[in-house]
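**Q** Submitted below is the structure of interest, expressed as structure tokens.
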Amino acid sequence: MAYFDDDHHSPQPHKRSWLVPTLIGIIIGMASVLIALPTIWGSDVLPGTSTDTAEQAGNASNAGIDANDYISVNVSSQITDVVESVSPAVVGVINIQRKGDFWQQGNQREAGSGSGVIYKKTDGKAYVITNHHVIKGADAVEVILSDDTRVEAGILGSDLFSDLAVLRMDAKKVKETIKMGTSENIKVGEPAIAIGNPLGKFLGSVTQGVISGTQRTIPQDFDQDGRADWQAEVIQTDAAINPGNSGGALINIDGQLIGINSMKINEEAVEGIGFAIPIDTARPIVDQLEKNGQVKRPYMGVEIYSLDEVPKTEWNRTLNLPNDVKGGVYVWSVESLSPADRAGIKRLDVITALDGKKVMNMIDLRKILYQNKEIGDSLTVTYYRDGEKKETTIELAKQR
């Protein structure tokens with residue numbers, strides 16, 4: 001039907017809105033693109049989705065797309081799988097002590113709790129690593145397995161300085177042992193997972209974080225006299241390590257044991273700082289505790305600290321070190337009649353090498369002394385005194 005204009009009396013078509021055909025065109029265009037996508041991408045999924053990575057990469061290659069554009073790691077799934085496989089090897093450890101002089105029913109109490117890691121199963125026995133402070137003073141020890149079964153365990157050996165202990169128990173109900181890793185090559189920023197028994201109530205608790213630092217040294221004052229008796233070499237992590245986690249496992253993303261959780265700074269102003277004993281440091285100690293019940297260490301008889309703890313201004317002014325000395329350990333005190341005393345080592349001497357191997361800090365010295373030397377061995381010490389380079393030989397004795 002035509003309409004006639006009053007002025008020109010000619011037929012004119014009705015003016016329809018432009019919006020409707022535009023919307024129809026857009027909808028048709030979008031539908032065409034969606035239908036064509038499987039052909040364009042060579043797959044029925046889009047890049048970045050979480051279907052099979054190998055299939056995506058193959059289809060991408062066929063379509064001329066870089067396979068690196070695909071997100072290939074499902075971290076959440078990987079962590080849950082790792083935790084599921086490792087958790088049976090992580091146990092609770094209960095420290096049981098007597099109340100009175102006689103062992104009578106009702107006279108025993110749980111004096112403390114912690115965690116442990118089953119690292120070995122042989123000849124009907126299972127072996128557990130835990131912390132020295134977890135079982136200190138115990139008259140008996142119980143291990144709580146992941147299914148809440150309680151098994152009595154004996155203490156094979158314990159070491160104050162490394163804060164490590166080894167337990168042995170019947171292996172009948174033990175299902176898994178942990179996979180040993182290495183702490184030598186861990187890197188700051190890589191994932192770290194802590195598994196333990198926080199507060200003695202939540203066995204199998206998992207916290208996730210990263211490696212925050214490696215080769216940290218933490219002073220230990222065992223006799224509470226205000227002076228450090230030892231420098232513990234630890235891994236720092238921000239994975240939460242709470243009371244009761246001590247002795248538990250610090251593992252990597254592959255489920256391998258890289259550390260034994262040991263300490264946490266419990267200050268209101270500090271959050272996210274936990275520590276673990278590197279497994280490479282722990283393993284030789286665990287071997288000695290398992291075989292001998294104690295750790296026999298070569299002994300020098302000196303109290304020493306890393307040179308990097310001293311302000312640079314004091315390197316020249318107090319220690320009189322030449323400018324080419326970049327690191328070492330300084331002697332704070334020498335025990336009377338000790339091997340170092342007999343060899344002529346004095347207070348404020350700076351040791352820079354042992355047996356010709358460079359010593360930059362406490363960790364270097366301990367590695368050489370405890371990993372390469374035996375009691376009774378001779379040790380060549382290179383040191384500086386009042387700016388003069390000297391050398392002496394120490395006959396190592398057994399630690400007192």
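Naming scheme: A, B, ... for chains in displayed order of the structure tokens; residues 1 onward per chain; ligands 1 onward as shown.
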Give me the residues within 9 Å of Ile129 in chain A as a list in words, counting only C-alpha atoms and dropping any in the same chain fewer than 6 places off.
**A**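 So the residues in contact are Ser115, Gly116, Val117, Ile118, Tyr119, Leu164, Ala165, Val166, Leu167, Gly247, Gly248, Ile260 and Val286 of chain A.
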**Q** As a JSON list (two decimals) with N, CA and C atoms, in the first residue's frame, please: every residue in range 227-365 of chain A that DSSP puts in alpha helix (DSSP H).
**A**
[["chain", "number", "residue", "atom", "x", "y", "z"],
["A", 279, "ILE", "N", 67.12, -30.98, 53.88],
["A", 279, "ILE", "CA", 67.23, -32.43, 53.92],
["A", 279, "ILE", "C", 68.66, -32.90, 53.65],
["A", 280, "ASP", "N", 69.42, -32.14, 52.87],
["A", 280, "ASP", "CA", 70.82, -32.52, 52.62],
["A", 280, "ASP", "C", 71.65, -32.39, 53.90],
["A", 281, "THR", "N", 71.28, -31.46, 54.78],
["A", 281, "THR", "CA", 71.93, -31.33, 56.08],
["A", 281, "THR", "C", 71.46, -32.43, 57.02],
["A", 282, "ALA", "N", 70.18, -32.78, 56.94],
["A", 282, "ALA", "CA", 69.60, -33.74, 57.87],
["A", 282, "ALA", "C", 70.02, -35.19, 57.60],
["A", 283, "ARG", "N", 70.20, -35.56, 56.35],
["A", 283, "ARG", "CA", 70.40, -36.98, 56.02],
["A", 283, "ARG", "C", 71.62, -37.62, 56.69],
["A", 284, "PRO", "N", 72.81, -37.01, 56.64],
["A", 284, "PRO", "CA", 73.95, -37.64, 57.34],
["A", 284, "PRO", "C", 73.75, -37.72, 58.85],
["A", 285, "ILE", "N", 73.05, -36.75, 59.40],
["A", 285, "ILE", "CA", 72.77, -36.77, 60.84],
["A", 285, "ILE", "C", 71.80, -37.88, 61.17],
["A", 286, "VAL", "N", 70.77, -38.03, 60.35],
["A", 286, "VAL", "CA", 69.79, -39.10, 60.54],
["A", 286, "VAL", "C", 70.47, -40.47, 60.46],
["A", 287, "ASP", "N", 71.39, -40.62, 59.51],
["A", 287, "ASP", "CA", 72.13, -41.89, 59.37],
["A", 287, "ASP", "C", 72.90, -42.21, 60.65],
["A", 288, "GLN", "N", 73.57, -41.20, 61.22],
["A", 288, "GLN", "CA", 74.33, -41.43, 62.45],
["A", 288, "GLN", "C", 73.43, -41.75, 63.63],
["A", 289, "LEU", "N", 72.30, -41.05, 63.72],
["A", 289, "LEU", "CA", 71.37, -41.31, 64.82],
["A", 289, "LEU", "C", 70.78, -42.71, 64.72],
["A", 290, "GLU", "N", 70.50, -43.13, 63.50],
["A", 290, "GLU", "CA", 69.95, -44.47, 63.29],
["A", 290, "GLU", "C", 70.96, -45.55, 63.66],
["A", 291, "LYS", "N", 72.22, -45.33, 63.31],
["A", 291, "LYS", "CA", 73.25, -46.37, 63.52],
["A", 291, "LYS", "C", 73.90, -46.29, 64.90],
["A", 292, "ASN", "N", 74.15, -45.07, 65.39],
["A", 292, "ASN", "CA", 74.94, -44.90, 66.61],
["A", 292, "ASN", "C", 74.17, -44.31, 67.78],
["A", 312, "LYS", "N", 81.17, -3.32, 57.90],
["A", 312, "LYS", "CA", 82.34, -3.22, 57.01],
["A", 312, "LYS", "C", 83.42, -2.30, 57.59],
["A", 313, "THR", "N", 82.99, -1.29, 58.31],
["A", 313, "THR", "CA", 83.98, -0.35, 58.87],
["A", 313, "THR", "C", 84.91, -1.05, 59.87],
["A", 314, "GLU", "N", 84.41, -2.09, 60.52],
["A", 314, "GLU", "CA", 85.22, -2.79, 61.52],
["A", 314, "GLU", "C", 86.18, -3.80, 60.89],
["A", 315, "TRP", "N", 85.95, -4.17, 59.61],
["A", 315, "TRP", "CA", 86.85, -5.11, 58.94],
["A", 315, "TRP", "C", 88.28, -4.55, 58.93],
["A", 316, "ASN", "N", 88.37, -3.26, 58.67],
["A", 316, "ASN", "CA", 89.69, -2.63, 58.62],
["A", 316, "ASN", "C", 90.11, -2.07, 59.98],
["A", 317, "ARG", "N", 89.16, -1.42, 60.66],
["A", 317, "ARG", "CA", 89.52, -0.70, 61.89],
["A", 317, "ARG", "C", 89.84, -1.64, 63.05],
["A", 339, "PRO", "N", 91.54, -28.18, 70.69],
["A", 339, "PRO", "CA", 92.41, -28.32, 69.52],
["A", 339, "PRO", "C", 92.83, -26.98, 68.93],
["A", 340, "ALA", "N", 91.91, -26.01, 68.86],
["A", 340, "ALA", "CA", 92.25, -24.69, 68.32],
["A", 340, "ALA", "C", 93.23, -23.96, 69.22],
["A", 341, "ASP", "N", 93.05, -24.09, 70.53],
["A", 341, "ASP", "CA", 93.95, -23.45, 71.49],
["A", 341, "ASP", "C", 95.36, -24.02, 71.33],
["A", 342, "ARG", "N", 95.45, -25.33, 71.21],
["A", 342, "ARG", "CA", 96.76, -25.97, 71.06],
["A", 342, "ARG", "C", 97.43, -25.58, 69.75],
["A", 362, "MET", "N", 79.78, -19.10, 58.03],
["A", 362, "MET", "CA", 79.63, -20.23, 58.93],
["A", 362, "MET", "C", 79.22, -21.49, 58.20],
["A", 363, "ILE", "N", 78.36, -21.34, 57.20],
["A", 363, "ILE", "CA", 77.87, -22.51, 56.47],
["A", 363, "ILE", "C", 79.01, -23.21, 55.75],
["A", 364, "ASP", "N", 79.88, -22.43, 55.11],
["A", 364, "ASP", "CA", 81.04, -23.03, 54.41],
["A", 364, "ASP", "C", 81.92, -23.80, 55.39],
["A", 365, "LEU", "N", 82.19, -23.20, 56.55],
["A", 365, "LEU", "CA", 83.06, -23.86, 57.53],
["A", 365, "LEU", "C", 82.44, -25.17, 58.02]]
**Q** Just the strand (DSSP E) stuff from range 97-239 of chain A, please, per backbone DSSP, written as a ChimeraX atom specification.
**A** /A:97-98,108-122,125-130,140-144,150-159,164-170,179-180,191-196,205-220,230-237
**Q** As an exercise, work out the distance from CA of Asp123 in chain A to CA of Val83 in chain A in Å and give it to one decimal place.
**A**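 Computing it gives 27.1 Å between the two atoms.
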**Q** Could you name the residues that touch range 375-390 of chain A at 9 Å or less, counting only C-alpha atoms, but leaving out those on the same chain fewer than 5 positions away, as number ranges by chain?
**A** A: 296-299, 316, 318-322, 328, 345-346, 348-356, 369, 395-399
**Q** List the spatial neighbours of Trp230 in chain A as an MDAnalysis selection string - criterion: any atom at most 8 Å away, only C-alpha atoms, same-chain residues fewer than 2 positions off excluded.
**A** chainID A and resid 161 219:221 228 232
**Q** Within 8 Å of Ile195 in chain A, counting only C-alpha atoms, which residues qualify if same-chain residues fewer than 5 places away don't, as a PyMOL selection string?
**A** chain A and resi 87+90+204-207+245+248-250
**Q** Restrict the selected residues to C-alpha atoms and save them as a short mmCIF file (atom, residue, chain, number, x, y, z; two decimals), in the first residue's frame.
**A**
data_model
loop_
_atom_site.label_atom_id
_atom_site.label_comp_id
_atom_site.auth_asym_id
_atom_site.auth_seq_id
_atom_site.Cartn_x
_atom_site.Cartn_y
_atom_site.Cartn_z
CA SER A 87 50.21 -37.46 53.46
CA VAL A 90 53.55 -37.76 57.56
CA GLY A 204 47.57 -34.07 57.82
CA SER A 205 47.12 -30.29 57.71
CA VAL A 206 48.57 -28.72 54.57
CA THR A 207 49.85 -25.20 54.00
CA ASN A 245 54.12 -28.75 62.74
CA GLY A 248 56.75 -32.46 59.67
CA ALA A 249 57.56 -32.45 55.97
CA LEU A 250 58.47 -29.56 53.70
#
**Q** Which is closest to Leu160 in chain A among A:Ile211, A:Val141, A:Val93, A:Val134, if we use only C-alpha atoms?
**A**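 Closest to Leu160 in chain A, using only C-alpha atoms: A:Val134.
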